[in-house]
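Q: For reference, the file structure_11.txt (compact mmCIF, C-alpha atoms and all ligand atoms) is included below:
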# COMPACT_ATOMS: atom_id res chain seq x y z
CA MET A 1 67.23 6.10 64.18
CA GLY A 2 63.91 4.50 65.07
CA LEU A 3 62.85 2.06 67.73
CA ALA A 4 63.34 -0.80 65.28
CA ARG A 5 67.11 -0.51 65.70
CA GLU A 6 66.94 -0.54 69.46
CA LYS A 7 68.12 -3.74 71.07
CA PRO A 8 68.40 -4.43 74.78
CA VAL A 9 71.82 -5.16 76.29
CA PRO A 10 72.41 -6.35 79.82
CA ALA A 11 71.89 -3.53 82.33
CA ALA A 12 75.38 -3.97 83.75
CA ILE A 13 77.10 -3.09 80.47
CA ALA A 14 75.48 0.33 79.98
CA GLN A 15 75.67 1.17 83.66
CA ASP A 16 79.40 0.52 83.70
CA THR A 17 80.07 2.58 80.59
CA PRO A 18 81.93 5.68 81.77
CA LEU A 19 80.89 9.13 80.65
CA SER A 20 84.11 11.07 80.17
CA PRO A 21 84.23 14.84 80.79
CA GLU A 22 84.70 15.32 77.04
CA ASN A 23 81.65 13.26 76.09
CA PHE A 24 79.65 15.02 78.81
CA ARG A 25 80.61 18.36 77.23
CA ARG A 26 79.50 17.10 73.81
CA ILE A 27 76.13 16.11 75.27
CA ALA A 28 75.81 19.44 77.11
CA ARG A 29 76.58 21.31 73.88
CA VAL A 30 73.82 19.51 71.95
CA LEU A 31 71.33 20.09 74.78
CA HIS A 32 72.20 23.78 74.86
CA GLU A 33 71.93 24.17 71.09
CA ASP A 34 68.60 22.33 70.94
CA ALA A 35 66.83 23.65 74.01
CA GLY A 36 68.86 26.48 75.58
CA ILE A 37 69.45 24.31 78.63
CA ALA A 38 72.71 24.77 80.52
CA MET A 39 74.25 21.61 82.02
CA PRO A 40 76.99 22.46 84.50
CA ASP A 41 79.78 19.92 85.15
CA ALA A 42 78.14 19.05 88.46
CA LYS A 43 75.38 17.30 86.48
CA ARG A 44 77.71 14.74 84.86
CA GLN A 45 76.73 12.02 87.32
CA LEU A 46 73.02 12.68 86.74
CA ALA A 47 73.50 12.68 82.95
CA HIS A 48 75.45 9.44 83.21
CA SER A 49 72.74 7.63 85.12
CA ARG A 50 69.85 8.92 83.00
CA LEU A 51 71.54 8.36 79.64
CA SER A 52 72.82 4.90 80.54
CA LYS A 53 69.20 3.79 80.07
CA ARG A 54 69.19 5.24 76.55
CA LEU A 55 72.43 3.41 75.71
CA ARG A 56 70.86 0.22 76.96
CA ARG A 57 67.75 0.75 74.80
CA LEU A 58 69.94 1.35 71.76
CA GLY A 59 72.23 -1.59 72.45
CA MET A 60 75.26 0.70 72.68
CA ASP A 61 78.09 0.21 75.11
CA ASP A 62 80.03 3.38 74.43
CA PHE A 63 79.21 7.05 75.05
CA THR A 64 81.48 8.18 72.21
CA ALA A 65 79.26 6.33 69.74
CA TYR A 66 76.19 7.83 71.47
CA CYS A 67 77.64 11.34 71.11
CA ASP A 68 78.43 10.67 67.44
CA LEU A 69 74.79 9.68 66.98
CA VAL A 70 73.23 12.73 68.69
CA GLU A 71 75.61 15.05 66.85
CA SER A 72 74.81 13.51 63.46
CA LYS A 73 72.16 14.75 61.02
CA GLY A 74 70.18 11.56 61.48
CA GLY A 75 70.26 11.88 65.27
CA ALA A 76 67.25 14.20 65.65
CA GLU A 77 64.99 11.52 67.09
CA GLU A 78 67.57 10.41 69.65
CA ARG A 79 68.22 14.07 70.56
CA GLY A 80 64.51 14.22 71.48
CA HIS A 81 64.89 11.16 73.72
CA MET A 82 68.04 12.63 75.24
CA LEU A 83 66.29 15.90 76.00
CA ALA A 84 63.38 14.07 77.60
CA ALA A 85 65.81 12.03 79.72
CA LEU A 86 67.73 15.08 80.90
CA THR A 87 64.96 17.58 81.61
CA THR A 88 63.03 17.85 84.85
CA ASN A 89 59.27 17.53 84.55
CA VAL A 90 58.31 17.89 88.20
CA THR A 91 55.01 19.72 88.59
CA ARG A 92 51.88 19.70 90.76
CA PHE A 93 48.28 20.88 90.69
CA PHE A 94 48.08 24.37 92.21
CA ARG A 95 51.86 24.50 92.68
CA GLU A 96 52.96 27.80 94.27
CA PRO A 97 49.41 28.53 95.46
CA HIS A 98 49.99 32.27 95.87
CA HIS A 99 49.80 32.63 92.08
CA PHE A 100 46.33 31.10 92.06
CA GLU A 101 45.25 33.44 94.88
CA LEU A 102 46.57 36.37 92.85
CA LEU A 103 44.66 35.09 89.82
CA GLU A 104 41.43 34.91 91.77
CA LYS A 105 41.80 38.24 93.53
CA SER A 106 43.41 40.55 90.99
CA VAL A 107 44.20 39.03 87.61
CA LEU A 108 41.06 37.21 86.52
CA PRO A 109 38.13 39.42 87.64
CA PRO A 110 38.61 42.10 84.91
CA LEU A 111 39.53 39.48 82.31
CA LEU A 112 36.44 37.36 83.00
CA ASP A 113 34.28 40.51 82.87
CA ARG A 114 35.69 41.14 79.44
CA ALA A 115 34.87 37.56 78.40
CA ARG A 116 31.29 37.94 79.72
CA ARG A 117 30.93 40.97 77.43
CA GLY A 118 32.07 38.86 74.47
CA GLY A 119 35.78 39.79 74.60
CA ARG A 120 38.80 37.56 74.03
CA VAL A 121 40.97 36.27 76.88
CA ARG A 122 44.21 34.33 76.32
CA LEU A 123 46.44 32.60 78.83
CA TRP A 124 49.63 30.66 78.15
CA SER A 125 51.30 27.99 80.26
CA ALA A 126 54.81 27.89 78.73
CA GLY A 127 56.66 24.72 79.78
CA CYS A 128 53.47 23.03 80.98
CA SER A 129 55.00 19.58 81.58
CA THR A 130 52.32 16.92 82.22
CA GLY A 131 49.46 19.44 82.34
CA GLU A 132 48.83 20.07 86.03
CA GLU A 133 49.60 23.79 85.61
CA PRO A 134 47.24 24.59 82.69
CA TYR A 135 44.49 22.42 84.22
CA SER A 136 44.92 24.32 87.50
CA LEU A 137 44.43 27.55 85.53
CA ALA A 138 41.30 26.14 83.89
CA LEU A 139 39.92 24.95 87.25
CA THR A 140 40.50 28.41 88.76
CA ILE A 141 38.70 30.08 85.87
CA LEU A 142 35.78 27.63 86.07
CA SER A 143 35.43 28.19 89.82
CA MET A 144 34.81 31.86 89.03
CA LEU A 145 32.93 31.50 85.75
CA PRO A 146 31.27 28.08 85.25
CA ASN A 147 30.35 28.74 81.59
CA ALA A 148 33.91 29.85 80.73
CA ALA A 149 34.35 27.08 78.15
CA ASP A 150 31.47 28.56 76.10
CA LEU A 151 33.12 32.00 75.98
CA ASP A 152 36.22 33.20 74.10
CA ILE A 153 38.66 32.10 76.79
CA ARG A 154 41.56 29.80 75.91
CA ILE A 155 44.61 28.48 77.70
CA LEU A 156 47.49 27.58 75.42
CA ALA A 157 49.75 24.97 77.06
CA THR A 158 53.10 24.18 75.43
CA ASP A 159 56.17 22.08 76.11
CA ILE A 160 59.19 20.86 74.16
CA ASP A 161 58.79 17.25 75.33
CA PRO A 162 56.21 15.15 73.42
CA ASN A 163 56.06 12.57 76.25
CA VAL A 164 54.81 15.03 78.85
CA LEU A 165 52.34 16.46 76.33
CA ALA A 166 50.96 12.96 75.70
CA THR A 167 50.34 12.60 79.45
CA ALA A 168 48.65 16.01 79.54
CA ARG A 169 46.44 15.00 76.60
CA ARG A 170 45.38 11.81 78.34
CA GLY A 171 44.35 13.91 81.34
CA LEU A 172 44.70 10.96 83.72
CA TYR A 173 46.28 11.60 87.11
CA THR A 174 46.69 9.73 90.37
CA ALA A 175 43.91 10.44 92.85
CA ARG A 176 46.68 11.31 95.30
CA SER A 177 48.10 14.07 93.08
CA ALA A 178 44.59 15.53 92.64
CA GLU A 179 44.30 16.09 96.39
CA THR A 180 45.83 19.56 96.05
CA ILE A 181 42.87 20.61 93.85
CA PRO A 182 40.35 22.58 95.95
CA GLU A 183 37.58 20.18 96.96
CA ARG A 184 34.70 22.03 95.29
CA SER A 185 36.47 22.10 91.93
CA ARG A 186 37.58 18.49 92.27
CA LYS A 187 34.04 17.30 92.92
CA ARG A 188 32.63 19.29 90.04
CA TYR A 189 35.25 19.02 87.32
CA VAL A 190 37.42 15.95 88.00
CA GLU A 191 35.96 12.54 87.17
CA ASN A 192 36.50 9.22 88.88
CA THR A 193 37.63 6.30 86.73
CA ASP A 194 37.23 2.53 87.11
CA ASP A 195 40.54 2.58 88.93
CA PRO A 196 40.08 4.15 92.38
CA GLY A 197 43.71 5.28 92.25
CA GLN A 198 43.16 7.36 89.13
CA VAL A 199 41.08 10.40 88.16
CA ARG A 200 40.44 12.14 84.84
CA MET A 201 40.14 15.84 84.01
CA GLY A 202 36.56 16.38 82.92
CA ASP A 203 35.65 17.61 79.43
CA THR A 204 34.72 21.10 80.63
CA VAL A 205 38.25 21.60 81.96
CA ARG A 206 39.87 20.11 78.87
CA ARG A 207 37.86 22.28 76.49
CA LEU A 208 39.61 25.35 77.88
CA VAL A 209 43.11 23.97 77.27
CA THR A 210 44.95 23.60 73.95
CA LEU A 211 48.13 21.51 74.17
CA ASN A 212 50.90 22.06 71.60
CA GLY A 213 54.57 21.23 71.15
CA LEU A 214 56.80 24.32 71.29
CA ASN A 215 60.50 24.87 71.85
CA LEU A 216 60.79 28.17 73.71
CA VAL A 217 64.22 28.90 72.24
CA ARG A 218 63.02 28.66 68.63
CA ARG A 219 60.75 31.04 66.74
CA TRP A 220 57.21 31.08 68.15
CA PRO A 221 54.37 30.68 65.65
CA MET A 222 51.88 32.61 67.79
CA LYS A 223 51.79 36.36 68.07
CA GLY A 224 49.62 36.85 71.12
CA PRO A 225 48.63 39.08 72.73
CA PHE A 226 48.40 37.04 75.93
CA ASP A 227 46.71 38.44 79.02
CA VAL A 228 48.52 36.04 81.33
CA ILE A 229 51.68 33.98 80.87
CA PHE A 230 52.76 31.31 83.33
CA CYS A 231 56.37 30.30 82.73
CA ARG A 232 57.40 28.74 85.99
CA ASN A 233 60.40 26.61 86.81
CA VAL A 234 61.47 26.44 83.18
CA VAL A 235 63.98 29.25 82.50
CA ILE A 236 65.91 28.25 85.62
CA TYR A 237 67.52 25.56 83.44
CA PHE A 238 68.57 28.06 80.75
CA ASP A 239 71.78 30.08 80.59
CA GLU A 240 71.64 33.80 81.36
CA ALA A 241 71.62 35.03 77.75
CA THR A 242 68.73 32.71 76.88
CA GLN A 243 66.78 33.85 79.95
CA ARG A 244 67.33 37.51 79.08
CA ALA A 245 66.12 36.98 75.52
CA LEU A 246 63.09 35.01 76.71
CA TRP A 247 61.96 37.72 79.13
CA GLN A 248 61.99 40.12 76.20
CA GLU A 249 59.99 37.76 74.04
CA PHE A 250 57.39 37.28 76.79
CA ALA A 251 57.16 41.07 77.19
CA ARG A 252 56.64 41.37 73.43
CA VAL A 253 53.70 38.94 73.25
CA LEU A 254 52.01 40.16 76.45
CA ALA A 255 49.03 42.46 76.14
CA PRO A 256 49.41 45.94 77.69
CA ASP A 257 48.76 45.36 81.42
CA GLY A 258 49.33 41.61 80.89
CA TRP A 259 50.76 39.44 83.66
CA LEU A 260 53.85 37.21 83.74
CA LEU A 261 54.08 34.67 86.58
CA ILE A 262 57.43 32.93 87.07
CA GLY A 263 58.97 30.28 89.33
CA HIS A 264 59.95 30.85 92.95
CA SER A 265 63.67 30.96 92.25
CA GLU A 266 63.50 32.98 89.03
CA ARG A 267 63.57 36.73 88.36
CA VAL A 268 63.14 38.98 85.36
CA PHE A 269 66.27 40.94 84.42
CA GLY A 270 67.81 42.73 81.45
CA PRO A 271 65.99 45.09 79.08
CA ALA A 272 62.61 43.38 79.77
CA ALA A 273 62.74 44.72 83.34
CA GLN A 274 61.92 48.15 81.85
CA THR A 275 58.46 46.98 80.82
CA LEU A 276 57.82 44.07 83.20
CA ARG A 277 57.31 45.59 86.63
CA THR A 278 57.05 43.64 89.89
CA ALA A 279 53.41 43.17 90.90
CA GLY A 280 53.59 40.58 93.69
CA ILE A 281 55.69 37.56 94.59
CA THR A 282 57.30 36.34 91.35
CA ALA A 283 54.55 38.22 89.51
CA TYR A 284 55.19 40.91 86.88
CA ARG A 285 52.94 43.21 84.96
CA LYS A 286 53.62 44.79 81.61
CA THR A 287 53.60 48.55 81.83
CA VAL A 288 53.86 50.42 78.59
CA ARG A 289 54.81 54.06 79.01
C1 LIG A 301 60.01 21.60 85.96
S1 LIG A 301 58.88 21.57 84.61
C2 LIG A 301 57.83 22.95 85.02
C3 LIG A 301 56.36 22.62 84.92
C4 LIG A 301 55.42 23.72 85.40
N1 LIG A 301 55.61 24.95 84.69
C5 LIG A 301 55.53 23.94 86.88
O1 LIG A 301 56.11 24.93 87.31
O2 LIG A 301 55.05 23.09 87.65
C6 LIG A 301 59.90 22.23 83.28
C7 LIG A 301 59.35 21.94 81.88
O3 LIG A 301 60.04 22.77 80.93
C8 LIG A 301 60.16 22.05 79.72
N2 LIG A 301 61.22 22.64 78.89
C9 LIG A 301 62.56 22.57 79.06
N3 LIG A 301 63.19 23.20 78.06
C10 LIG A 301 62.23 23.69 77.24
C11 LIG A 301 62.26 24.43 76.01
N4 LIG A 301 63.41 24.81 75.44
N5 LIG A 301 61.07 24.76 75.45
C12 LIG A 301 59.90 24.39 76.01
N6 LIG A 301 59.80 23.68 77.16
C13 LIG A 301 60.97 23.34 77.76
C14 LIG A 301 60.45 20.63 80.18
O4 LIG A 301 60.14 19.68 79.18
C15 LIG A 301 59.57 20.51 81.44
O5 LIG A 301 58.34 19.91 81.14
What does this structure look like when you write it as structure tokens?
A:
Amino acid sequence: MGLAREKPVPAAIAQDTPLSPENFRRIARVLHEDAGIAMPDAKRQLAHSRLSKRLRRLGMDDFTAYCDLVESKGGAEERGHMLAALTTNVTRFFREPHHFELLEKSVLPPLLDRARRGGRVRLWSAGCSTGEEPYSLALTILSMLPNAADLDIRILATDIDPNVLATARRGLYTARSAETIPERSRKRYVENTDDPGQVRMGDTVRRLVTLNGLNLVRRWPMKGPFDVIFCRNVVIYFDEATQRALWQEFARVLAPDGWLLIGHSERVFGPAAQTLRTAGITAYRKTVR
């Protein structure tokens, strides 16, 4: 189903359309199958309000018909819209600043030395949302090594949601949101635009970052090894089995001694905890024995 078939209906109709427990479970099942995301019953209200907008766009006045659509073979495109509507994309430049301090103090110095000697350095921001996280990584690297973009250093940034990736590719942010970027880096690497309320990531920063679509719960095309993986505030939405499997996959693609940085309310558990050892607040290091 493409946009051509979408027709607006009065807001009141879609808003008043009830989402029954059964239809909520159908939606939750599709979301889980597609993206590993667990939607507890407590989220029914949230799903109702966010998906009412989709029903309105499609000119539908019935959640049963909507569920039939997302469950059908031809419903792939709408499943993408549904996923985008139901996922949380909240992020910030230099969010959880202790990780950036750890990068500067312990993680990056040996890696940047390697790059200076002509070696390869790979970082991955998995679940990068609108780009603030990978650009914060790039800005940290540039503050320590201004010619980093000319060396073999790359930051892969991936997300399942094409809308957030489009924002990351544009590289335009509100001047307000850029205030959490350290002043020296902001002055050097973030450009003003004609609109005083908006700034743009400069080319030097963008050259370090490669943005790609990737569903973390499907097969990954890249093999690594990665020296650093940021996967923060993403797995918290997944069920336990999916989280356990993901920790193992991250451990597999990490280089020996590689780092995994995770969100403040997440923790590594299961078999991966044998190889991923705590190395700071929500920081883990691969130890191969
Ligand atoms: C809350 S944001 C986290 C952004 C950033 N890592 C941070 O901590 O600021 C979560 C992101 O995970 C993405 N996501 C959810 N399920 C995913 C999946 N199965 N594969 C890849 N990305 C996923 C969402 O699209 C969203 O952009």
Q: As an exercise, work out the distance from CA of Phe238 in chain A to CA of Pro21 in chain A in Å and give it to one decimal place.
A: 20.5 Å
Q: Taking (48.8, 29.9, 79.8) in the file's coordinates, which residues come within 10 Å, counting only C-alpha atoms, written as a PyMOL selection string?
A: chain A and resi 122-128+133-135+137-138+154-158+209-210+226-231+260-261
Q: Save out the residues we just selected, C-alpha atoms, as a PDB file, in the coordinates of the input.
A:
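Produced file part-v8.pdb, reproduced below:
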ATOM      1  CA  ARG A 122      44.210  34.330  76.320  1.00  0.00           C
ATOM      2  CA  LEU A 123      46.440  32.600  78.830  1.00  0.00           C
ATOM      3  CA  TRP A 124      49.630  30.660  78.150  1.00  0.00           C
ATOM      4  CA  SER A 125      51.300  27.990  80.260  1.00  0.00           C
ATOM      5  CA  ALA A 126      54.810  27.890  78.730  1.00  0.00           C
ATOM      6  CA  GLY A 127      56.660  24.720  79.780  1.00  0.00           C
ATOM      7  CA  CYS A 128      53.470  23.030  80.980  1.00  0.00           C
ATOM      8  CA  GLU A 133      49.600  23.790  85.610  1.00  0.00           C
ATOM      9  CA  PRO A 134      47.240  24.590  82.690  1.00  0.00           C
ATOM     10  CA  TYR A 135      44.490  22.420  84.220  1.00  0.00           C
ATOM     11  CA  LEU A 137      44.430  27.550  85.530  1.00  0.00           C
ATOM     12  CA  ALA A 138      41.300  26.140  83.890  1.00  0.00           C
ATOM     13  CA  ARG A 154      41.560  29.800  75.910  1.00  0.00           C
ATOM     14  CA  ILE A 155      44.610  28.480  77.700  1.00  0.00           C
ATOM     15  CA  LEU A 156      47.490  27.580  75.420  1.00  0.00           C
ATOM     16  CA  ALA A 157      49.750  24.970  77.060  1.00  0.00           C
ATOM     17  CA  THR A 158      53.100  24.180  75.430  1.00  0.00           C
ATOM     18  CA  VAL A 209      43.110  23.970  77.270  1.00  0.00           C
ATOM     19  CA  THR A 210      44.950  23.600  73.950  1.00  0.00           C
ATOM     20  CA  PHE A 226      48.400  37.040  75.930  1.00  0.00           C
ATOM     21  CA  ASP A 227      46.710  38.440  79.020  1.00  0.00           C
ATOM     22  CA  VAL A 228      48.520  36.040  81.330  1.00  0.00           C
ATOM     23  CA  ILE A 229      51.680  33.980  80.870  1.00  0.00           C
ATOM     24  CA  PHE A 230      52.760  31.310  83.330  1.00  0.00           C
ATOM     25  CA  CYS A 231      56.370  30.300  82.730  1.00  0.00           C
ATOM     26  CA  LEU A 260      53.850  37.210  83.740  1.00  0.00           C
ATOM     27  CA  LEU A 261      54.080  34.670  86.580  1.00  0.00           C
TER      28      LEU A 261
END
Q: Could you please extract the residues within 7 Å of ligand LIG 301 (chain A), counting all atoms listed in the file, and hand them back as a PDB file with C-alpha atoms, keeping the file's coordinate frame?
A:
ATOM      1  CA  ALA A  35      66.830  23.650  74.010  1.00  0.00           C
ATOM      2  CA  GLY A  36      68.860  26.480  75.580  1.00  0.00           C
ATOM      3  CA  ILE A  37      69.450  24.310  78.630  1.00  0.00           C
ATOM      4  CA  ALA A  84      63.380  14.070  77.600  1.00  0.00           C
ATOM      5  CA  THR A  87      64.960  17.580  81.610  1.00  0.00           C
ATOM      6  CA  THR A  88      63.030  17.850  84.850  1.00  0.00           C
ATOM      7  CA  ASN A  89      59.270  17.530  84.550  1.00  0.00           C
ATOM      8  CA  VAL A  90      58.310  17.890  88.200  1.00  0.00           C
ATOM      9  CA  THR A  91      55.010  19.720  88.590  1.00  0.00           C
ATOM     10  CA  ARG A  92      51.880  19.700  90.760  1.00  0.00           C
ATOM     11  CA  ARG A  95      51.860  24.500  92.680  1.00  0.00           C
ATOM     12  CA  SER A 125      51.300  27.990  80.260  1.00  0.00           C
ATOM     13  CA  ALA A 126      54.810  27.890  78.730  1.00  0.00           C
ATOM     14  CA  GLY A 127      56.660  24.720  79.780  1.00  0.00           C
ATOM     15  CA  CYS A 128      53.470  23.030  80.980  1.00  0.00           C
ATOM     16  CA  SER A 129      55.000  19.580  81.580  1.00  0.00           C
ATOM     17  CA  THR A 130      52.320  16.920  82.220  1.00  0.00           C
ATOM     18  CA  GLU A 133      49.600  23.790  85.610  1.00  0.00           C
ATOM     19  CA  THR A 158      53.100  24.180  75.430  1.00  0.00           C
ATOM     20  CA  ASP A 159      56.170  22.080  76.110  1.00  0.00           C
ATOM     21  CA  ILE A 160      59.190  20.860  74.160  1.00  0.00           C
ATOM     22  CA  ASP A 161      58.790  17.250  75.330  1.00  0.00           C
ATOM     23  CA  VAL A 164      54.810  15.030  78.850  1.00  0.00           C
ATOM     24  CA  LEU A 214      56.800  24.320  71.290  1.00  0.00           C
ATOM     25  CA  ASN A 215      60.500  24.870  71.850  1.00  0.00           C
ATOM     26  CA  LEU A 216      60.790  28.170  73.710  1.00  0.00           C
ATOM     27  CA  VAL A 217      64.220  28.900  72.240  1.00  0.00           C
ATOM     28  CA  CYS A 231      56.370  30.300  82.730  1.00  0.00           C
ATOM     29  CA  ARG A 232      57.400  28.740  85.990  1.00  0.00           C
ATOM     30  CA  ASN A 233      60.400  26.610  86.810  1.00  0.00           C
ATOM     31  CA  VAL A 234      61.470  26.440  83.180  1.00  0.00           C
ATOM     32  CA  GLY A 263      58.970  30.280  89.330  1.00  0.00           C
TER      33      GLY A 263
END
Q: So how many Å separate CA of Gly75 in chain A and CA of Arg25 in chain A, to one decimal?
A: 17.1 Å
Q: Check the smallest atom-to-atom distance from each of A:Leu139, A:Ala245, A:Cys67, A:Val253 to Leu31 in chain A using only C-alpha atoms, then report the winner.
A: A:Cys67
Q: Which of these, A:Thr242, A:Thr278, A:Ser143, A:Ser49, has the shortest distance to Ala85 in chain A once you count all atoms listed in the file?
A: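 For Ala85 in chain A, the nearest of the candidates is A:Ser49.
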Q: Any chance you could build range 80-88 of chain A out to all heavy atoms and write it as a compact mmCIF listing (two decimals), keeping the file's coordinate frame?
A:
# COMPACT_ATOMS: atom_id res chain seq x y z
N GLY A 80 65.78 14.05 70.76
CA GLY A 80 64.51 14.22 71.48
C GLY A 80 64.46 13.35 72.73
O GLY A 80 64.08 13.80 73.81
N HIS A 81 64.88 12.07 72.56
CA HIS A 81 64.89 11.16 73.72
C HIS A 81 65.87 11.65 74.78
O HIS A 81 65.62 11.58 75.97
CB HIS A 81 65.29 9.75 73.29
CG HIS A 81 64.24 9.06 72.45
ND1 HIS A 81 62.97 8.81 72.91
CD2 HIS A 81 64.29 8.58 71.19
CE1 HIS A 81 62.28 8.20 71.97
NE2 HIS A 81 63.05 8.05 70.91
N MET A 82 67.01 12.16 74.31
CA MET A 82 68.04 12.63 75.24
C MET A 82 67.51 13.83 76.05
O MET A 82 67.65 13.89 77.27
CB MET A 82 69.29 13.04 74.46
CG MET A 82 70.44 13.45 75.34
SD MET A 82 71.91 13.88 74.36
CE MET A 82 71.67 15.63 74.20
N LEU A 83 66.86 14.72 75.33
CA LEU A 83 66.29 15.90 76.00
C LEU A 83 65.26 15.48 77.05
O LEU A 83 65.28 15.95 78.18
CB LEU A 83 65.62 16.79 74.95
CG LEU A 83 64.99 18.03 75.48
CD1 LEU A 83 65.98 19.17 75.47
CD2 LEU A 83 63.76 18.41 74.69
N ALA A 84 64.40 14.53 76.65
CA ALA A 84 63.38 14.07 77.60
C ALA A 84 64.03 13.42 78.82
O ALA A 84 63.55 13.58 79.95
CB ALA A 84 62.44 13.08 76.91
N ALA A 85 65.14 12.71 78.59
CA ALA A 85 65.81 12.03 79.72
C ALA A 85 66.48 13.04 80.65
O ALA A 85 66.59 12.80 81.84
CB ALA A 85 66.83 11.04 79.18
N LEU A 86 66.93 14.15 80.09
CA LEU A 86 67.73 15.08 80.90
C LEU A 86 66.95 16.23 81.51
O LEU A 86 67.46 16.95 82.35
CB LEU A 86 68.90 15.62 80.07
CG LEU A 86 69.95 14.58 79.64
CD1 LEU A 86 71.02 15.22 78.77
CD2 LEU A 86 70.60 13.93 80.86
N THR A 87 65.72 16.45 81.05
CA THR A 87 64.96 17.58 81.61
C THR A 87 64.16 17.13 82.83
O THR A 87 63.86 15.95 83.01
CB THR A 87 63.99 18.20 80.57
OG1 THR A 87 63.27 17.15 79.94
CG2 THR A 87 64.72 19.02 79.53
N THR A 88 63.80 18.11 83.64
CA THR A 88 63.03 17.85 84.85
C THR A 88 61.59 18.21 84.57
O THR A 88 61.31 19.32 84.11
CB THR A 88 63.59 18.72 85.99
OG1 THR A 88 64.98 18.44 86.09
CG2 THR A 88 62.91 18.44 87.31
